[in-house]
$ cat final-v6.txt   # compact mmCIF, C-alpha atoms and all ligand atoms
# COMPACT_ATOMS: atom_id res chain seq x y z
CA MET U 26 19.04 -24.68 29.70
CA ASN U 27 22.35 -23.55 28.23
CA THR U 28 21.81 -23.16 24.49
CA THR U 29 24.55 -20.62 23.87
CA SER U 30 27.80 -22.37 24.78
CA LYS U 31 29.65 -23.89 21.84
CA ALA U 32 30.48 -26.80 24.15
CA PHE U 33 26.91 -28.07 23.82
CA ARG U 34 26.91 -27.87 20.02
CA PRO U 35 27.71 -30.86 17.79
CA LEU U 36 31.22 -31.67 16.61
CA THR U 37 32.29 -33.77 13.64
CA ILE U 38 35.53 -35.75 13.87
CA GLY U 39 36.33 -37.81 10.79
CA PRO U 40 33.13 -39.65 9.87
CA LEU U 41 31.62 -39.25 13.36
CA LYS U 42 29.16 -36.59 14.45
CA LEU U 43 29.07 -36.03 18.22
CA ARG U 44 26.07 -34.41 19.91
CA ASN U 45 28.27 -32.04 21.94
CA ARG U 46 31.96 -31.49 22.81
CA PHE U 47 32.25 -33.48 26.06
CA ILE U 48 34.29 -36.67 25.98
CA LYS U 49 34.62 -38.97 28.96
CA ALA U 50 38.40 -39.54 29.05
CA ALA U 51 39.79 -43.03 29.55
CA THR U 52 39.83 -43.93 33.25
CA ASN U 53 40.68 -47.63 33.41
CA GLU U 54 37.59 -48.83 35.24
CA GLY U 55 38.89 -52.35 35.72
CA MET U 56 35.71 -54.42 36.05
CA CYS U 57 37.20 -57.03 33.69
CA LYS U 58 38.13 -59.95 35.92
CA ASN U 59 40.25 -62.33 33.85
CA GLY U 60 39.55 -60.17 30.82
CA VAL U 61 35.77 -60.64 30.95
CA ILE U 62 33.81 -57.48 30.13
CA SER U 63 31.33 -57.27 33.02
CA LYS U 64 27.80 -55.97 33.30
CA GLY U 65 29.22 -53.40 35.73
CA LEU U 66 31.55 -51.96 33.09
CA ALA U 67 28.70 -51.75 30.58
CA ARG U 68 26.53 -50.02 33.18
CA PHE U 69 29.31 -47.55 34.04
CA HIS U 70 29.56 -46.36 30.45
CA GLU U 71 25.80 -46.35 29.98
CA ASN U 72 25.58 -43.97 32.96
CA ILE U 73 28.10 -41.64 31.35
CA ALA U 74 26.01 -41.59 28.16
CA LYS U 75 22.81 -41.02 30.12
CA GLY U 76 24.53 -38.16 31.95
CA GLY U 77 24.96 -36.13 28.78
CA ALA U 78 28.55 -36.69 27.51
CA ALA U 79 28.90 -37.02 23.75
CA MET U 80 31.30 -39.95 23.89
CA SER U 81 32.57 -42.37 26.52
CA THR U 82 36.05 -43.87 26.23
CA VAL U 83 36.65 -47.44 27.38
CA ALA U 84 40.18 -47.97 28.73
CA TYR U 85 42.24 -49.72 28.07
CA CYS U 86 41.45 -52.31 25.47
CA ALA U 87 44.63 -54.27 24.80
CA THR U 88 45.50 -55.13 21.21
CA SER U 89 46.70 -58.60 22.23
CA LYS U 90 47.11 -60.68 25.35
CA ASP U 91 50.80 -59.79 25.51
CA GLY U 92 49.79 -56.15 25.17
CA GLN U 93 47.94 -56.23 28.49
CA THR U 94 49.37 -54.60 31.60
CA PHE U 95 47.36 -56.92 33.86
CA VAL U 96 45.47 -60.16 33.61
CA ASP U 97 42.21 -58.48 34.68
CA GLN U 98 42.05 -56.27 31.64
CA ALA U 99 40.00 -56.05 28.47
CA HIS U 100 41.41 -57.40 25.24
CA LEU U 101 39.71 -56.60 21.94
CA SER U 102 39.33 -59.94 20.23
CA SER U 103 36.63 -62.11 18.73
CA ASP U 104 36.03 -63.47 22.27
CA THR U 105 34.98 -60.09 23.69
CA ILE U 106 32.93 -58.65 20.81
CA ALA U 107 29.56 -59.85 22.15
CA ASP U 108 30.17 -58.36 25.60
CA PHE U 109 31.49 -55.10 24.21
CA LYS U 110 28.38 -54.94 21.98
CA VAL U 111 26.22 -54.88 25.11
CA LEU U 112 28.30 -51.94 26.37
CA THR U 113 28.09 -49.98 23.11
CA ASP U 114 24.34 -50.69 22.78
CA GLY U 115 23.83 -49.24 26.26
CA VAL U 116 25.77 -46.09 25.32
CA HIS U 117 23.92 -45.68 22.00
CA LYS U 118 20.56 -46.05 23.73
CA HIS U 119 21.18 -42.62 25.30
CA GLY U 120 22.39 -40.91 22.13
CA ALA U 121 26.10 -40.95 22.89
CA ALA U 122 29.03 -42.53 21.08
CA ALA U 123 31.51 -45.08 22.41
CA GLN U 124 35.26 -45.00 21.89
CA ALA U 125 37.67 -47.89 22.52
CA GLN U 126 41.12 -46.86 23.70
CA ILE U 127 43.44 -49.32 21.96
CA THR U 128 46.77 -49.88 23.64
CA HIS U 129 49.77 -52.16 23.73
CA ALA U 130 51.68 -52.06 27.02
CA GLY U 131 55.10 -52.90 25.60
CA SER U 132 57.38 -53.35 28.58
CA PHE U 133 54.97 -51.55 30.93
CA THR U 134 53.36 -54.82 31.92
CA PHE U 135 52.87 -56.83 35.07
CA LEU U 136 51.71 -60.10 33.51
CA PRO U 137 52.95 -63.11 35.44
CA LYS U 138 55.61 -65.29 33.85
CA ASP U 139 53.23 -68.21 33.38
CA PHE U 140 50.64 -65.99 31.64
CA SER U 141 53.03 -64.78 29.00
CA THR U 142 56.23 -66.65 28.37
CA ALA U 143 57.45 -64.21 25.74
CA LYS U 144 59.70 -61.33 26.75
CA PRO U 145 57.97 -57.97 26.90
CA ILE U 146 58.73 -55.94 23.77
CA SER U 147 59.81 -52.32 23.62
CA ALA U 148 61.77 -49.80 21.58
CA MET U 149 64.90 -50.97 23.42
CA GLY U 150 66.02 -54.31 24.81
CA GLY U 151 67.91 -55.13 28.00
CA PHE U 152 66.91 -54.74 31.62
CA ASN U 153 63.17 -54.27 32.21
CA LYS U 154 62.62 -52.31 35.41
CA PHE U 155 58.88 -53.08 35.34
CA GLY U 156 59.62 -56.81 35.39
CA VAL U 157 61.30 -56.75 38.79
CA MET U 158 58.11 -57.74 40.58
CA THR U 159 57.09 -60.45 38.11
CA GLY U 160 60.43 -62.00 37.19
CA ARG U 161 60.36 -60.82 33.56
CA TYR U 162 63.66 -59.04 33.97
CA THR U 163 64.57 -58.42 30.35
CA LYS U 164 62.76 -56.94 27.37
CA LYS U 165 63.18 -57.48 23.65
CA LYS U 166 64.18 -54.65 21.31
CA MET U 167 61.57 -54.70 18.55
CA ASP U 168 62.79 -55.52 15.07
CA ARG U 169 60.89 -54.81 11.88
CA ALA U 170 58.94 -58.08 12.08
CA ASP U 171 57.79 -57.19 15.62
CA MET U 172 56.68 -53.78 14.36
CA ASP U 173 54.66 -55.36 11.56
CA ASP U 174 53.05 -57.69 14.07
CA VAL U 175 52.13 -54.87 16.48
CA ALA U 176 50.78 -52.67 13.66
CA ASP U 177 48.60 -55.62 12.57
CA GLN U 178 47.41 -56.01 16.17
CA PHE U 179 46.25 -52.38 16.25
CA VAL U 180 44.44 -52.86 12.94
CA ARG U 181 42.76 -56.06 14.14
CA ALA U 182 41.75 -54.38 17.42
CA ALA U 183 40.18 -51.50 15.49
CA LEU U 184 38.28 -53.93 13.26
CA HIS U 185 37.04 -55.81 16.34
CA ALA U 186 36.02 -52.49 17.90
CA LYS U 187 34.03 -51.65 14.78
CA GLU U 188 32.30 -55.02 14.91
CA ALA U 189 31.49 -54.46 18.60
CA GLY U 190 29.68 -51.24 17.71
CA PHE U 191 32.30 -48.69 18.79
CA ASP U 192 32.11 -45.38 16.94
CA ALA U 193 35.75 -44.42 17.48
CA VAL U 194 39.11 -45.82 18.46
CA GLU U 195 41.66 -43.86 20.43
CA ILE U 196 45.23 -45.01 19.78
CA HIS U 197 47.18 -44.63 23.02
CA MET U 198 50.54 -42.99 22.30
CA GLY U 199 50.99 -41.48 25.76
CA HIS U 200 51.80 -42.25 29.38
CA GLY U 201 54.65 -44.68 28.72
CA TYR U 202 52.88 -47.54 26.91
CA LEU U 203 54.49 -49.20 23.88
CA LEU U 204 54.00 -46.44 21.30
CA ALA U 205 55.13 -43.86 23.87
CA GLN U 206 58.18 -46.05 24.51
CA PHE U 207 59.17 -45.14 20.94
CA ILE U 208 58.26 -41.47 21.29
CA THR U 209 60.01 -40.64 24.57
CA PRO U 210 63.81 -40.37 24.83
CA PHE U 211 63.51 -41.98 28.28
CA TYR U 212 62.88 -45.32 26.58
CA ASN U 213 64.19 -44.87 23.05
CA THR U 214 67.89 -44.46 22.37
CA ARG U 215 67.86 -46.40 19.10
CA LYS U 216 70.41 -45.52 16.47
CA ASP U 217 68.32 -46.57 13.46
CA GLU U 218 65.51 -44.75 11.63
CA TYR U 219 63.20 -45.30 14.64
CA GLY U 220 65.43 -43.41 17.09
CA GLY U 221 67.15 -40.06 17.37
CA SER U 222 65.06 -37.15 16.08
CA ILE U 223 61.41 -36.80 17.02
CA GLU U 224 60.53 -37.54 13.37
CA ASN U 225 62.35 -40.85 13.70
CA ARG U 226 60.84 -41.65 17.11
CA MET U 227 57.37 -40.95 15.68
CA ARG U 228 57.96 -43.10 12.59
CA PHE U 229 56.50 -46.32 13.99
CA PRO U 230 53.58 -44.72 15.96
CA ALA U 231 52.63 -42.72 12.84
CA GLU U 232 52.76 -45.91 10.78
CA VAL U 233 50.34 -47.57 13.21
CA LEU U 234 47.99 -44.57 12.95
CA SER U 235 48.17 -44.64 9.18
CA LYS U 236 47.35 -48.36 9.01
CA VAL U 237 44.40 -48.01 11.42
CA LEU U 238 43.10 -45.06 9.38
CA ASP U 239 43.34 -47.12 6.19
CA ALA U 240 41.50 -50.02 7.82
CA VAL U 241 38.61 -48.24 9.58
CA GLY U 242 38.98 -44.47 9.10
CA LYS U 243 36.08 -44.20 6.66
CA ASP U 244 33.65 -45.76 9.15
CA MET U 245 35.01 -44.73 12.55
CA ALA U 246 36.76 -41.76 14.08
CA VAL U 247 40.44 -42.54 14.68
CA THR U 248 41.82 -40.35 17.46
CA VAL U 249 45.14 -40.30 19.31
CA LYS U 250 45.94 -39.62 22.95
CA TYR U 251 49.51 -38.56 23.65
CA SER U 252 51.60 -36.75 26.23
CA GLN U 253 52.29 -33.22 25.08
CA THR U 254 55.23 -33.18 27.51
CA ASP U 255 56.81 -36.02 29.51
CA GLY U 256 56.75 -33.75 32.55
CA LYS U 257 60.26 -34.67 33.62
CA ALA U 258 63.76 -33.43 32.83
CA GLY U 259 65.32 -35.44 30.02
CA GLY U 260 61.98 -36.30 28.43
CA ASN U 261 59.94 -34.71 25.67
CA THR U 262 59.20 -31.02 26.18
CA ILE U 263 56.56 -28.94 24.50
CA THR U 264 58.95 -28.47 21.55
CA GLU U 265 58.59 -32.18 20.78
CA GLY U 266 54.91 -32.05 21.80
CA ILE U 267 54.29 -29.60 18.97
CA GLU U 268 56.24 -31.69 16.46
CA ILE U 269 54.24 -34.76 17.46
CA ALA U 270 50.98 -32.87 16.85
CA LYS U 271 52.21 -31.81 13.41
CA ILE U 272 53.06 -35.40 12.50
CA LEU U 273 49.67 -36.64 13.72
CA GLU U 274 47.96 -33.95 11.69
CA LYS U 275 49.97 -34.80 8.57
CA THR U 276 49.18 -38.50 9.03
CA GLY U 277 45.46 -37.71 9.19
CA ALA U 278 44.37 -38.28 12.81
CA HIS U 279 40.77 -37.19 13.24
CA MET U 280 41.51 -35.64 16.64
CA ALA U 281 44.27 -35.58 19.27
CA GLN U 282 43.61 -35.59 23.00
CA LEU U 283 46.38 -33.73 24.82
CA SER U 284 47.57 -35.49 27.95
CA ASN U 285 50.76 -35.23 29.98
CA GLY U 286 53.40 -37.30 31.69
CA LEU U 287 54.43 -40.90 32.08
CA ASN U 288 52.68 -43.50 34.26
CA VAL U 289 55.61 -44.02 36.55
CA GLU U 290 58.26 -41.33 36.06
CA SER U 291 55.93 -38.34 36.20
CA ILE U 292 52.45 -39.36 37.21
CA SER U 293 51.73 -36.01 38.85
CA ALA U 294 52.16 -34.36 35.44
CA MET U 295 49.26 -36.50 34.22
CA PHE U 296 46.91 -35.63 37.07
CA GLY U 297 48.19 -32.14 37.87
CA ASN U 298 48.95 -33.35 41.41
CA PRO U 299 50.50 -36.39 43.12
CA LEU U 300 48.83 -39.62 44.15
CA PRO U 301 47.68 -39.46 47.76
CA ALA U 302 49.88 -40.75 50.54
CA THR U 303 48.33 -43.82 52.20
CA SER U 304 49.26 -45.71 55.34
CA ALA U 305 48.54 -49.10 53.79
CA PRO U 306 50.14 -49.53 50.36
CA PRO U 307 47.54 -50.37 47.69
CA LYS U 308 47.39 -54.04 46.72
CA ASN U 309 47.62 -53.35 43.03
CA LEU U 310 51.17 -53.57 41.66
CA ILE U 311 50.90 -50.76 39.17
CA VAL U 312 49.56 -48.32 41.73
CA ARG U 313 52.04 -49.46 44.34
CA LEU U 314 54.94 -49.12 41.91
CA GLY U 315 53.63 -45.73 40.78
CA MET U 316 53.60 -44.54 44.38
CA LEU U 317 57.06 -45.92 45.07
CA MET U 318 58.52 -44.34 41.96
CA GLN U 319 56.71 -41.12 42.79
CA LYS U 320 58.60 -41.03 46.08
CA LYS U 321 61.92 -41.85 44.41
CA SER U 322 61.57 -39.72 41.32
CA LYS U 323 61.50 -36.45 43.22
CA GLU U 324 58.87 -35.01 40.96
CA PRO U 325 58.38 -31.28 41.28
CA ASP U 326 55.70 -30.44 43.84
CA ARG U 327 52.50 -29.94 41.94
CA GLU U 328 49.37 -28.58 43.49
CA PHE U 329 46.17 -29.23 41.58
CA SER U 330 44.71 -26.28 39.76
CA GLN U 331 41.81 -26.16 37.34
CA LEU U 332 42.88 -26.31 33.67
CA TYR U 333 46.40 -27.27 34.78
CA SER U 334 47.33 -28.32 31.28
CA MET U 335 46.31 -25.16 29.45
CA GLU U 336 49.70 -23.57 28.92
CA PRO U 337 51.29 -26.32 26.79
CA ALA U 338 47.95 -27.10 25.15
CA GLN U 339 47.65 -23.53 23.88
CA LYS U 340 51.03 -23.85 22.18
CA ILE U 341 49.83 -26.95 20.38
CA ARG U 342 46.58 -25.23 19.47
CA ALA U 343 48.59 -22.44 17.84
CA ALA U 344 50.66 -24.92 15.81
CA VAL U 345 48.05 -27.17 14.17
CA ASN U 346 44.57 -26.94 12.67
CA MET U 347 43.42 -30.49 13.39
CA PRO U 348 40.64 -31.01 15.97
CA LEU U 349 42.08 -31.00 19.50
CA CYS U 350 40.56 -32.24 22.72
CA TYR U 351 41.73 -30.31 25.79
CA LEU U 352 42.28 -32.53 28.86
CA GLY U 353 43.23 -31.81 32.47
CA GLY U 354 41.34 -30.23 35.35
CA VAL U 355 38.08 -29.26 33.63
CA GLN U 356 35.81 -28.66 36.61
CA SER U 357 33.37 -25.83 35.94
CA MET U 358 31.27 -24.06 33.35
CA GLU U 359 33.77 -21.22 33.52
CA ASN U 360 36.60 -23.67 32.68
CA ILE U 361 34.55 -25.01 29.78
CA GLU U 362 34.07 -21.54 28.32
CA ASP U 363 37.82 -20.91 28.66
CA VAL U 364 38.61 -24.10 26.78
CA MET U 365 36.20 -23.18 23.98
CA HIS U 366 37.48 -19.61 23.92
CA ASN U 367 41.02 -20.90 23.48
CA GLY U 368 40.00 -22.64 20.27
CA PHE U 369 39.81 -26.27 21.37
CA ASP U 370 37.22 -28.44 19.67
CA ALA U 371 36.39 -30.81 22.51
CA LEU U 372 36.90 -31.29 26.25
CA GLY U 373 38.04 -34.48 27.97
CA LEU U 374 36.89 -35.13 31.53
CA GLY U 375 38.14 -37.95 33.74
CA ARG U 376 37.77 -37.55 37.50
CA ALA U 377 34.80 -35.19 37.38
CA LEU U 378 32.74 -37.85 35.57
CA ILE U 379 33.82 -40.61 37.94
CA PHE U 380 32.53 -38.35 40.70
CA ASP U 381 29.27 -37.61 38.92
CA PRO U 382 28.25 -39.09 35.58
CA ASN U 383 25.36 -36.63 35.33
CA LEU U 384 27.59 -33.55 35.40
CA ILE U 385 27.14 -32.62 31.74
CA ASN U 386 23.33 -32.65 31.91
CA ASP U 387 23.49 -30.61 35.10
CA LEU U 388 25.86 -28.05 33.60
CA GLN U 389 23.57 -27.69 30.64
CA SER U 390 20.41 -27.33 32.72
CA GLY U 391 22.13 -25.01 35.18
CA ALA U 392 21.56 -27.39 38.12
CA GLN U 393 25.34 -27.31 38.71
CA SER U 394 27.98 -24.84 37.60
CA GLU U 395 30.95 -26.71 39.04
CA THR U 396 31.84 -30.24 40.11
CA ALA U 397 32.43 -30.99 43.77
CA CYS U 398 35.20 -33.47 42.80
CA THR U 399 38.34 -32.44 44.71
CA ALA U 400 40.79 -34.30 42.43
CA CYS U 401 42.01 -36.19 45.52
CA ASN U 402 43.11 -39.10 43.26
CA GLN U 403 41.73 -41.75 45.61
CA CYS U 404 39.88 -43.13 42.57
CA VAL U 405 43.26 -43.93 41.04
CA LEU U 406 44.15 -46.12 44.01
CA LEU U 407 40.94 -48.08 43.47
CA MET U 408 41.85 -49.11 39.93
CA TYR U 409 41.72 -52.90 39.60
CA THR U 410 40.14 -53.43 43.02
CA PRO U 411 37.17 -55.82 42.97
CA GLY U 412 34.63 -52.97 42.92
CA GLY U 413 36.41 -51.22 40.07
CA THR U 414 37.48 -47.59 39.76
CA ALA U 415 35.24 -45.50 41.98
CA CYS U 416 34.94 -42.29 43.95
CA VAL U 417 35.52 -42.54 47.70
CA ASP U 418 33.46 -39.44 48.52
CA PRO U 419 30.05 -40.49 49.89
CA ASN U 420 28.53 -37.77 47.69
CA GLY U 421 30.44 -39.00 44.67
CA MET U 422 29.52 -41.82 42.30
CA ARG U 423 26.03 -40.45 41.90
CA GLY U 424 24.52 -42.96 39.54
CA HIS U 425 27.57 -45.25 39.40
CA ALA U 426 27.01 -48.39 41.38
CA SER U 427 30.14 -50.07 42.62
CA ASN U 428 30.67 -53.17 40.54
CA LEU U 429 31.00 -56.24 42.67
CA ASN U 430 29.75 -58.68 40.09
CA THR U 431 31.88 -60.42 37.54
CA GLN U 432 29.00 -61.48 35.34
CA ARG U 433 29.78 -61.07 31.67
CA ALA U 434 27.99 -58.19 30.04
CA SER U 435 26.06 -60.43 27.65
CA SER U 436 24.93 -63.06 30.16
C1 LIG H 1 41.14 -43.68 37.89
C2 LIG H 1 41.80 -43.18 36.65
C3 LIG H 1 42.24 -44.09 35.68
C4 LIG H 1 42.83 -43.64 34.49
N1 LIG H 1 43.17 -44.54 33.52
C5 LIG H 1 43.58 -44.09 32.32
C6 LIG H 1 43.76 -44.99 31.23
O1 LIG H 1 43.51 -46.18 31.32
N2 LIG H 1 44.19 -44.50 30.05
C7 LIG H 1 44.45 -43.17 29.88
O2 LIG H 1 44.83 -42.77 28.79
N3 LIG H 1 44.29 -42.30 30.89
C8 LIG H 1 43.86 -42.71 32.08
N4 LIG H 1 43.62 -41.82 33.10
C9 LIG H 1 43.95 -40.39 32.89
C10 LIG H 1 42.73 -39.57 32.45
O3 LIG H 1 42.30 -39.97 31.18
C11 LIG H 1 43.05 -38.08 32.44
O4 LIG H 1 44.16 -37.90 31.60
C12 LIG H 1 43.35 -37.50 33.81
O5 LIG H 1 42.48 -38.00 34.81
C13 LIG H 1 43.26 -35.97 33.78
O6 LIG H 1 41.94 -35.57 33.46
P1 LIG H 1 40.93 -35.00 34.61
O7 LIG H 1 41.61 -33.82 35.23
O8 LIG H 1 39.69 -34.61 33.84
O9 LIG H 1 40.70 -36.10 35.58
C14 LIG H 1 43.04 -42.25 34.29
C15 LIG H 1 42.59 -41.35 35.26
C16 LIG H 1 41.98 -41.79 36.42
C17 LIG H 1 41.49 -40.77 37.42
$ encode --input "final-v6.txt" --output "structure tokens"
Amino acid sequence: MNTTSKAFRPLTIGPLKLRNRFIKAATNEGMCKNGVISKGLARFHENIAKGGAAMSTVAYCATSKDGQTFVDQAHLSSDTIADFKVLTDGVHKHGAAAQAQITHAGSFTFLPKDFSTAKPISAMGGFNKFGVMTGRYTKKKMDRADMDDVADQFVRAALHAKEAGFDAVEIHMGHGYLLAQFITPFYNTRKDEYGGSIENRMRFPAEVLSKVLDAVGKDMAVTVKYSQTDGKAGGNTITEGIEIAKILEKTGAHMAQLSNGLNVESISAMFGNPLPATSAPPKNLIVRLGMLMQKKSKEPDREFSQLYSMEPAQKIRAAVNMPLCYLGGVQSMENIEDVMHNGFDALGLGRALIFDPNLINDLQSGAQSETACTACNQCVLLMYTPGGTACVDPNGMRGHASNLNTQRASS
């Protein structure tokens, strides 16, 4: 039993004490047909808790129906509290905490026209490239009233999360969703106080963070996930990544999880390697579009390596004192020690815990020293399929049953 590594010692973020430093990163499990939180999703997160992680993150919980990327996605509202409560109860039963990732898609949405008649909103108006497949060709440039509405949505979502028994909310400011559409120069060329300098581009996201902290920050941890670089020429570099961290720290975030890249323009920056080539294009629009754009965007060739995100993350570590969660390619006990040695407070794990939810217990007991997950990214192609996000390796998914039921969690 490993009793010496700092990674297995408790961590306090805001008002929340975690039993160790391992956080299951958000990995959009799907399993929410027509927005219904299923028994399968609850079981998935219970397995993560049982497997030893300190906290499991549920992705992504939309702040409103218009904030969804897809119809089959969770929305934090009074309608879903009872089902989410089943999920959080299951996580708590095993001594772990549950975190809701709260997100608004902005223009990065594939809702059909008849589902949402309003135009998608974003930092800028005009042509909406994501609407080409759904016929929502234009987006609305947010005015101050829209910003007030979205900030209220984040606050309401956090309050619903609290009621549903979540211990933390993670505000998604990365990967190209609405708040990232303000932060990245790819999507924000505004000339007012919300555009231009990074301070201006962060003004609205920081305001959302501040309001959520005021509403729930005494009772729940309020964390932020953001892209430390956009991973593509013309986007945010680590210089902006550091400034963003400083603004989050000044605003009072309880922790920041350091991710990379944009969903479509630079997806390989997020995963450290590209999505796999397939002969049959995946049915899901987002994945299909991601793969198409990946081909077109001529991303630099990236070959997966463990701890692929360490170099920029170290620069952020050196610039702020706030708790930081390292994310990207954590695969072994040796990696974990490196992350701790480099001064990070927590570790996020995505693919390795899809492969094996029991990894943390096994690392602690010494039964495993390294995951056998190959980071092949086939799990990404399974997002939103009827069985939900899953590992394709026959040795993977130990303990995760594929979810082919759509029964609500509380039924
Ligand atoms: C199947 C899958 C779905 C994901 N969905 C989300 C998501 O909904 N929100 C998010 O912030 N990140 C998402 N991610 C990114 C992960 O949180 C993480 O940043 C990435 O997998 C790198 O961490 P890893 O090397 O530990 O897998 C997803 C990753 C995978 C593999």
$ closest_atom_pairs --input "final-v6.txt" --of "chain U" --to "ligand LIG 1 (chain H)" --cutoff "6 Å" --atoms "all atoms listed in the file" --output "CSV"
residue,atom,partner,partner_atom,distance
U:Ala50,CA,H:LIG1,O3,4.5
U:Ala51,CA,H:LIG1,O3,4.3
U:Thr52,CA,H:LIG1,C4,3.3
U:Asn53,CA,H:LIG1,O1,3.8
U:Ala84,CA,H:LIG1,O1,4.6
U:Tyr85,CA,H:LIG1,O1,5.0
U:Ser284,CA,H:LIG1,O4,5.5
U:Met295,CA,H:LIG1,O4,5.9
U:Phe296,CA,H:LIG1,C13,4.9
U:Leu352,CA,H:LIG1,O6,5.5
U:Gly353,CA,H:LIG1,O7,3.8
U:Gly354,CA,H:LIG1,O7,3.6
U:Val355,CA,H:LIG1,O8,5.6
U:Leu374,CA,H:LIG1,O8,3.7
U:Gly375,CA,H:LIG1,O9,3.7
U:Arg376,CA,H:LIG1,O9,3.8
U:Cys404,CA,H:LIG1,C1,4.9
U:Val405,CA,H:LIG1,C1,3.8
U:Met408,CA,H:LIG1,C1,5.8
U:Thr414,CA,H:LIG1,C1,5.7
$ closest_atom_pairs --input "final-v6.txt" --of "stretch 357-419 of chain U" --to "stretch 65-82 of chain U" --cutoff "10 Å" --atoms "all atoms listed in the file" --output "Markdown table"
| residue | atom | partner | partner_atom | distance |
| --- | --- | --- | --- | --- |
| U:Ala371 | CA | U:Ala79 | CA | 9.8 |
| U:Gly373 | CA | U:Met80 | CA | 9.6 |
| U:Leu374 | CA | U:Ala78 | CA | 9.4 |
| U:Gly375 | CA | U:Thr82 | CA | 9.8 |
| U:Leu378 | CA | U:Ile73 | CA | 7.3 |
| U:Ile379 | CA | U:Ile73 | CA | 8.8 |
| U:Asp381 | CA | U:Gly76 | CA | 8.4 |
| U:Pro382 | CA | U:Ile73 | CA | 4.9 |
| U:Asn383 | CA | U:Gly76 | CA | 3.8 |
| U:Leu384 | CA | U:Gly76 | CA | 6.5 |
| U:Ile385 | CA | U:Gly77 | CA | 5.1 |
| U:Asn386 | CA | U:Gly77 | CA | 5.0 |
| U:Asp387 | CA | U:Gly76 | CA | 8.2 |
| U:Leu388 | CA | U:Gly77 | CA | 9.5 |
| U:Gln389 | CA | U:Gly77 | CA | 8.8 |
| U:Gly412 | CA | U:Gly65 | CA | 9.0 |
| U:Gly413 | CA | U:Leu66 | CA | 8.5 |
| U:Thr414 | CA | U:Leu66 | CA | 9.9 |
$ closest_residue --input "final-v6.txt" --among "U:Leu41, U:Cys86, U:Met26, U:Val237" --to "U:Ala122" --atoms "all atoms listed in the file"
U:Leu41
$ closest_residue --input "final-v6.txt" --among "U:Ala183, U:Ala87, U:Met245, U:Ile272" --to "U:Leu43" --atoms "all atoms listed in the file"
U:Met245
$ atom_distance --input "final-v6.txt" --atom1 "atom CA of U:Lys275" --atom2 "atom CA of U:Leu234"
10.9 Å
$ closest_residue --input "final-v6.txt" --among "U:Thr209, U:Asn153, U:Ser141, U:Ser89" --to "U:His185" --atoms "all atoms listed in the file"
U:Ser89
$ atom_distance --input "final-v6.txt" --atom1 "atom CA of U:Phe47" --atom2 "atom CA of U:Ala125"
15.8 Å
$ closest_residue --input "final-v6.txt" --among "U:Pro145, U:Gly266, U:Gly421, U:Gly368" --to "U:Ile341" --atoms "all atoms listed in the file"
U:Gly266
$ residues_around --input "final-v6.txt" --residues "stretch 37-39 of chain U" --least-positions-apart "3" --cutoff "7 Å" --atoms "only C-alpha atoms" --output "PyMOL selection string"
chain U and resi 42-43+246+279-280
$ write_last_selection --input "final-v6.txt" --atoms "C-alpha atoms" --output "mmCIF file, in the coordinates of the input"
data_model
loop_
_atom_site.group_PDB
_atom_site.id
_atom_site.type_symbol
_atom_site.label_atom_id
_atom_site.label_comp_id
_atom_site.auth_asym_id
_atom_site.auth_seq_id
_atom_site.Cartn_x
_atom_site.Cartn_y
_atom_site.Cartn_z
ATOM 1 C CA LYS U 42 29.160 -36.590 14.450
ATOM 2 C CA LEU U 43 29.070 -36.030 18.220
ATOM 3 C CA ALA U 246 36.760 -41.760 14.080
ATOM 4 C CA HIS U 279 40.770 -37.190 13.240
ATOM 5 C CA MET U 280 41.510 -35.640 16.640
#
$ atom_distance --input "final-v6.txt" --atom1 "atom CA of U:Ile269" --atom2 "atom CA of U:Ser102"
29.4 Å
$ residues_around --input "final-v6.txt" --residues "U:Ile127" --least-positions-apart "3" --cutoff "10 Å" --atoms "all atoms listed in the file" --output "list in words"
Val83, Ala84, Tyr85, Cys86, Ala87, Thr88, Ser89, Gly92, Ala99, His100, Leu101, Gln124, Gln178, Phe179, Val180, Ala182, Ala183, Ala186, Val194, Glu195, Ile196, His197, Met198 and Val249 of chain U
$ residues_around --input "final-v6.txt" --residues "U:Arg226" --least-positions-apart "4" --cutoff "7 Å" --atoms "only C-alpha atoms" --output "JSON, numbers by chain"
{"U": [207, 208, 219, 220, 221, 222]}
$ residues_near_point --input "final-v6.txt" --point "(29.0, -29.3, 24.6)" --cutoff "7 Å" --atoms "only C-alpha atoms" --output "list in words"
Lys31, Ala32, Phe33, Arg34, Asn45, Arg46 and Phe47 of chain U
$ residues_near_point --input "final-v6.txt" --point "(52.5, -24.9, 24.2)" --cutoff "8 Å" --atoms "only C-alpha atoms" --output "PDB file with C-alpha atoms, in the coordinates of the input"
ATOM      1  CA  ILE U 263      56.560 -28.940  24.500  1.00  0.00           C
ATOM      2  CA  THR U 264      58.950 -28.470  21.550  1.00  0.00           C
ATOM      3  CA  GLY U 266      54.910 -32.050  21.800  1.00  0.00           C
ATOM      4  CA  ILE U 267      54.290 -29.600  18.970  1.00  0.00           C
ATOM      5  CA  GLU U 336      49.700 -23.570  28.920  1.00  0.00           C
ATOM      6  CA  PRO U 337      51.290 -26.320  26.790  1.00  0.00           C
ATOM      7  CA  ALA U 338      47.950 -27.100  25.150  1.00  0.00           C
ATOM      8  CA  GLN U 339      47.650 -23.530  23.880  1.00  0.00           C
ATOM      9  CA  LYS U 340      51.030 -23.850  22.180  1.00  0.00           C
ATOM     10  CA  ILE U 341      49.830 -26.950  20.380  1.00  0.00           C
ATOM     11  CA  ARG U 342      46.580 -25.230  19.470  1.00  0.00           C
ATOM     12  CA  ALA U 343      48.590 -22.440  17.840  1.00  0.00           C
TER      13      ALA U 343
END
